[in-house]
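To start, the structure under review is shown below, and the notes come after it.
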Protein chains: 2
Amino acid sequence: EVGDGNINFVYIVEGPKGALVVKQALPYVRVVGESWPMTLDRIFFETLALRQQHALAPGLVPEVHFFSRPSAVIVMEYVAPPAIVLRKGLVAGRTYPLLAAHMSDFLAQTLFGTSLIAINTEVHRDRVAEFCGNVEMCRLTEQVIFTEPYVIATNNRWTAPQLDADAAALREDNELKLAVARLKAKFMERAQALLHGDLHTGSVMVTADRTVVIDPEFGFYGPMGFDVGALIANLLLAYLSQDGHATAENNREDAKKWILQCIVDTWQQFEAKFLALWNDKSKAVGDAYPAAVFNSAPLLAAAQQAFMRELLEDSLGYAGAKMIRRIVGIAHVEDMESIADADVRAACERRALNLGKRLVKESSSFKSITDVVAAAQASA
Amino acid sequence: EVGDGNINFVYIVEGPKGALVVKQALPYVRVVGESWPMTLDRIFFETLALRQQHALAPGLVPEVHFFSRPSAVIVMEYVAPPAIVLRKGLVAGRTYPLLAAHMSDFLAQTLFGTSLIAINTEVHRDRVAEFCGNVEMCRLTEQVIFTEPYVIATNNRWTAPQLDADAAALREDNELKLAVARLKAKFMERAQALLHGDLHTGSVMVTADRTVVIDPEFGFYGPMGFDVGALIANLLLAYLSQDGHATAENNREDAKKWILQCIVDTWQQFEAKFLALWNDKSKAVGDAYPAAVFNSAPLLAAAQQAFMRELLEDSLGYAGAKMIRRIVGIAHVEDMESIADADVRAACERRALNLGKRLVKESSSFKSITDVVAAAQASA
Ligand SMILES: Nc1ncnc2c1ncn2[C@@H]1O[C@H](COP(=O)(O)OP(=O)(O)O)[C@@H](O)[C@H]1O
Ligand SMILES: Nc1ncnc2c1ncn2[C@@H]1O[C@H](COP(=O)(O)OP(=O)(O)O)[C@@H](O)[C@H]1O
Ligand SMILES: [Mg+2]
Ligand SMILES: [Mg+2]
Ligand SMILES: [Mg+2]
Ligand SMILES: [Mg+2]
Ligand SMILES: [Mg+2]
């Protein structure tokens with residue numbers, strides 16, 4: 001058993017011809033136990049999402065070899081060492097020069113390829129209907145990301161007493177709560193593309209030359225910015241945690257610089273790749289932007305610009321919400337948790353919380369991704 | 001057979017104990033014939049929507065007594081004379097003092113009651129999934145409202161040659177096409193509430209004291225503004241057609257004044273009723289705005305204000321798109337069609353077209369519904 005995840009069991013099965021991964025869901029949350037039941041349906045939707053994403057981004061998603069719904073088991077490609085979970089690499093201060101290229105590919109291919117820019121309305125509504133069945137996982141996301149950080153909830157925890165006042169302030173911040181409600185409604189209502197649904201740095205396995213996105217058990221049709229924002233949020237958390245890991249031998253300045261550049265590159269390459277797909281007349285055959293209507297280059301460019309502007313805004317809003325919940329909600333990140341000194345940790349966490357709040361409240365005032373990394377650098 | 005609709009067959013069946021209506025779908029569009037096939041599923045979704053809307057707004061929707069999916073037949077309450085179709089009353093210059101009260105009730109009850117303000121996420125996604133099955137009707141809407149008016153399409157027609165240049169201008173109006181694309185994407189992606197889906201004045205039957213909303217065969221989960229906008233659009237079309245029906249005996253000034261007031265009253269009463277439902281703690285039990293988060297009166301009021309602001313904007317955008325398509329698209333309205341003199345008709349239609357364009361392009365610049373009726377009055 002190698003599962004370091006919180007929810008399911010993951011086994012490596014080795015044979016003479018090689019190794020495979022067996023992932024099994026049990027009807028409860030692994031780290032909590034039977035007292036927190038959780039639907040087995042999630043592994044069915046994980047399989048659907050893995051297959052769809054593998055079809056769209058083959059090298060970047062493990063291949064599913066076998067799925068059994070009765071046993072709640074997926075047999076999939078084993079992503080062998082030296083691959084490790086990206087979050088662990090980031091905590092260790094490592095850098096991955098191809099990460100932005102790979103993740104921007106994954107995002108562009110999976111989000112474009114399941115959107116109404118690429119797909120017709122019949123297929124789209126059919127798939128949306130199917131993924132509505134993953135409602136229990138959506139409900140969990142709604143609860144832990146969009147509700148609990150803003151109320152008193154037994155699930156919540158934070159570095160106390162250092163962040164007590166910061167956590168309390170969230171519950172009184174009406175401007176923040178209004179912006180979060182808007183993000184939540186869009187999450188619940190807008191079926192823009194098939195999302196991974198849990199695209200943090202623990203769902204990405206990396207080596208120097210390969211990147212694999214695993215664990216889409218929260219997959220559903222939602223707003224694209226939710227996936228893009230998840231990745232940005234977790235890279236920002238990694239960045240803001242680096243000072244807590246700095247030592248005399250490694251002040252982490254190189255890692256910090258690389259993470260910020262990776263955020264910029266990921267967004268910019270994602271945007272370029274997404275638009276390249278959209279500009280490919282053999283691929284942009286969906287019903288949302290028919291060629292007959294978008295019949296001139298300036299018109300199409302204007303539509304694309306408006307689309308990307310809104311997507312950046314959504315992404316920053318969701319990124320902010322995800323940063324906040326990782327500091328005061330149920331599930332924290334190893335990037336921060338592994339900072340032993342509570343005062344040092346709280347200082348890093350406070351920067352993350354404050355940047356998260358800004359991203360949520362001022363998502364429309366960031367004109368570009370470089371503004372965002374500038375704000376991260378300047379944050380205190 | 002009494003059906004004056006374009007799509008289905010409607011029979012009155014009289015017996016000793018009273019009369020019932022039998023509505024039957026055939027697998028094609030009635031006015032066109034077998035050359036335009038259309039799914040029988042629509043009458044299944046009409047039944048689902050009628051039952052749901054009847055449960056929420058009992059007096060305002062016919063009761064379904066029987067439904068047979070194999071025969072594609074609904075047996076429902078007969079809305080007896082003197083009730084007539086609202087559009088016919090408006091063309092005749094009649095006024096209905098209770099119309100705004102009734103329609104605002106229908107809209108508030110059905111839209112609020114099927115939204116995530118009232119409903120939890122499990123039930124919502126379940127219903128959304130079911131109504132995804134009405135995709136063929138959604139596809140038709142997408143085609144005739146959001147696409148064809150902006151391209152050269154054999155379905156399109158208009159009063160020619162008077163409106164030739166106006167119709168051609170739509171295809172060159174990039175600002176308009178961008179705004180329409182935004183409305184279309186929201187229509188395709190955002191499952192905000194169960195919509196009637198075809199809420200024009202031909203789907204409403206009226207007497208002086210009763211109003212009944214029929215024919216939700218285009219029902220699906222979509223953005224609330226699509227229903228609100230449909231009604232506003234058709235009332236504006238009625239208003240702008242009155243000059244074409246003016247005679248020496250009846251200059252239609254009273255009808256015009258009443259229609260504009262009806263638009264204002266419908267929106268304002270809808271808003272008040274929707275917010276009253278939202279303020280009722282026994283009714284606002286959905287997952288989108290949990291009481292634990294919205295725990296102060298000013299915060300809830302701010303959320304409601306933002307919600308209503310966006311809903312008005314959506315409604316005006318959809319209203320504009322619907323006005324445009326009724327002038328240059330496949331399906332016209334009797335309000336205009338029955339103006340015999342083509343020059344007079346074209347003059348009325350041009351005003352409708354221009355107002356529709358403004359509503360689409362400038363939906364966010366109208367600060368209130370009274371601004372909209374002022375624009376209608378001033379339109380030329
Ligand atoms: N295909 C795979 N190849 C190699 N290791 C894997 C694979 N899938 C999962 N793992 C390992 O198991 C861990 C947990 O898997 P994950 O799918 O994230 O489960 P959970 O849903 O419990 O989070 C991963 O962090 C990774 O270390
Ligand atoms: N329940 C009813 N009671 C009385 N008349 C009805 C009823 N339902 C439909 N009608 C009449 O039949 C016409 C067509 O019905 P409708 O449901 O609008 O069919 P279609 O889908 O073909 O437009 C209506 O305009 C109205 O005149
Ligand atoms: Mg995992
Ligand atoms: Mg998981
Ligand atoms: Mg912590
Ligand atoms: Mg009808
Ligand atoms: Mg009909």
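Labeling convention for the structure tokens: chains A, B, ... as they appear, residues from 1 per chain, ligands from 1 in order of appearance.
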Selection as a VMD selection string: residues within 7 Å of ligand 1 by only C-alpha atoms and all ligand atoms: chain A and resid 2 to 10 21 23 62 76 to 80 84 to 85 202 to 203 214 to 215 217
Would you kindly report the residues of chain A within 6 Å of chain B, using only C-alpha atoms, as an NGL selection string? :A and (125 or 129 or 132 or 151 or 189-192 or 293)
Please give the complete set of residues from range 13-244 of chain B that DSSP, run on the backbone, assigns to strand (DSSP E or B), formatted as a ChimeraX atom specification. /B:13-15,18-24,28-29,33-37,64-68,73-77,84-85,190,193-195,204-206,211-213,220-222
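Residues surrounding Ala25 in chain A within 9 Å are Ile7, Asn8, Phe9, Val10, Arg30, Thr39, Leu40, Asp41, Arg42, Ile43, Ser71, Ala72, Val73 and Ile74 of chain A [only C-alpha atoms; sequence separation below 5 positions excluded].
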Members of range 136-320 of chain B assigned alpha helix (DSSP H) by DSSP, as a PyMOL selection string: chain B and resi 136-141+164-172+174-189+224-245+253-279+297-320
Residues near range 345-355 of chain A, cut-off 10 Å, only C-alpha atoms, skip fewer than 3 positions along chain, as a ChimeraX atom specification: /A:158-163,166-167,170,233,236-245,319-328,335-342,358-361,372,375-376,378-380
Expected file contents, prior selection, C-alpha atoms, as a short mmCIF file (atom, residue, chain, number, x, y, z; two decimals), in the first residue's frame:
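Result file follows (result-v1.cif):
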data_model
loop_
_atom_site.label_atom_id
_atom_site.label_comp_id
_atom_site.auth_asym_id
_atom_site.auth_seq_id
_atom_site.Cartn_x
_atom_site.Cartn_y
_atom_site.Cartn_z
CA TRP A 158 -5.68 26.83 12.17
CA THR A 159 -2.39 27.66 13.84
CA ALA A 160 -3.63 28.93 17.19
CA PRO A 161 -3.48 31.27 18.92
CA GLN A 162 -1.44 33.07 16.25
CA LEU A 163 -4.22 33.10 13.65
CA ASP A 166 -7.38 36.26 11.32
CA ALA A 167 -9.82 33.35 11.29
CA LEU A 170 -13.08 35.99 7.84
CA ALA A 233 -3.48 28.48 -5.35
CA LEU A 236 1.19 30.22 -4.37
CA LEU A 237 0.96 28.25 -1.12
CA ALA A 238 4.19 26.49 -2.06
CA TYR A 239 5.80 29.85 -2.76
CA LEU A 240 4.64 31.43 0.49
CA SER A 241 5.79 28.43 2.50
CA GLN A 242 9.37 28.54 1.21
CA ASP A 243 10.56 31.10 3.74
CA GLY A 244 9.47 28.68 6.45
CA HIS A 245 11.74 26.03 4.96
CA ALA A 319 -7.43 30.41 -6.24
CA GLY A 320 -8.07 32.83 -3.40
CA ALA A 321 -10.90 30.73 -1.97
CA LYS A 322 -8.69 27.67 -2.06
CA MET A 323 -5.80 29.41 -0.32
CA ILE A 324 -8.08 30.59 2.45
CA ARG A 325 -9.55 27.18 3.08
CA ARG A 326 -6.13 25.56 3.28
CA ILE A 327 -5.20 27.87 6.17
CA VAL A 328 -8.37 27.82 8.28
CA ASP A 335 3.85 22.96 2.50
CA MET A 336 2.71 24.85 5.60
CA GLU A 337 2.13 21.99 8.03
CA SER A 338 5.74 20.86 7.79
CA ILE A 339 7.02 24.21 9.07
CA ALA A 340 7.81 23.17 12.63
CA ASP A 341 8.00 26.58 14.31
CA ALA A 342 4.44 27.73 14.89
CA ARG A 358 -7.21 39.88 -2.07
CA LEU A 359 -7.56 37.42 -4.93
CA VAL A 360 -11.18 36.75 -4.01
CA LYS A 361 -12.19 40.34 -3.41
CA VAL A 372 -0.67 38.36 -9.35
CA ALA A 375 1.24 40.85 -5.37
CA ALA A 376 2.52 37.52 -4.01
CA ALA A 378 4.95 42.10 -2.21
CA SER A 379 2.61 40.34 0.21
CA ALA A 380 3.17 40.58 3.92
#
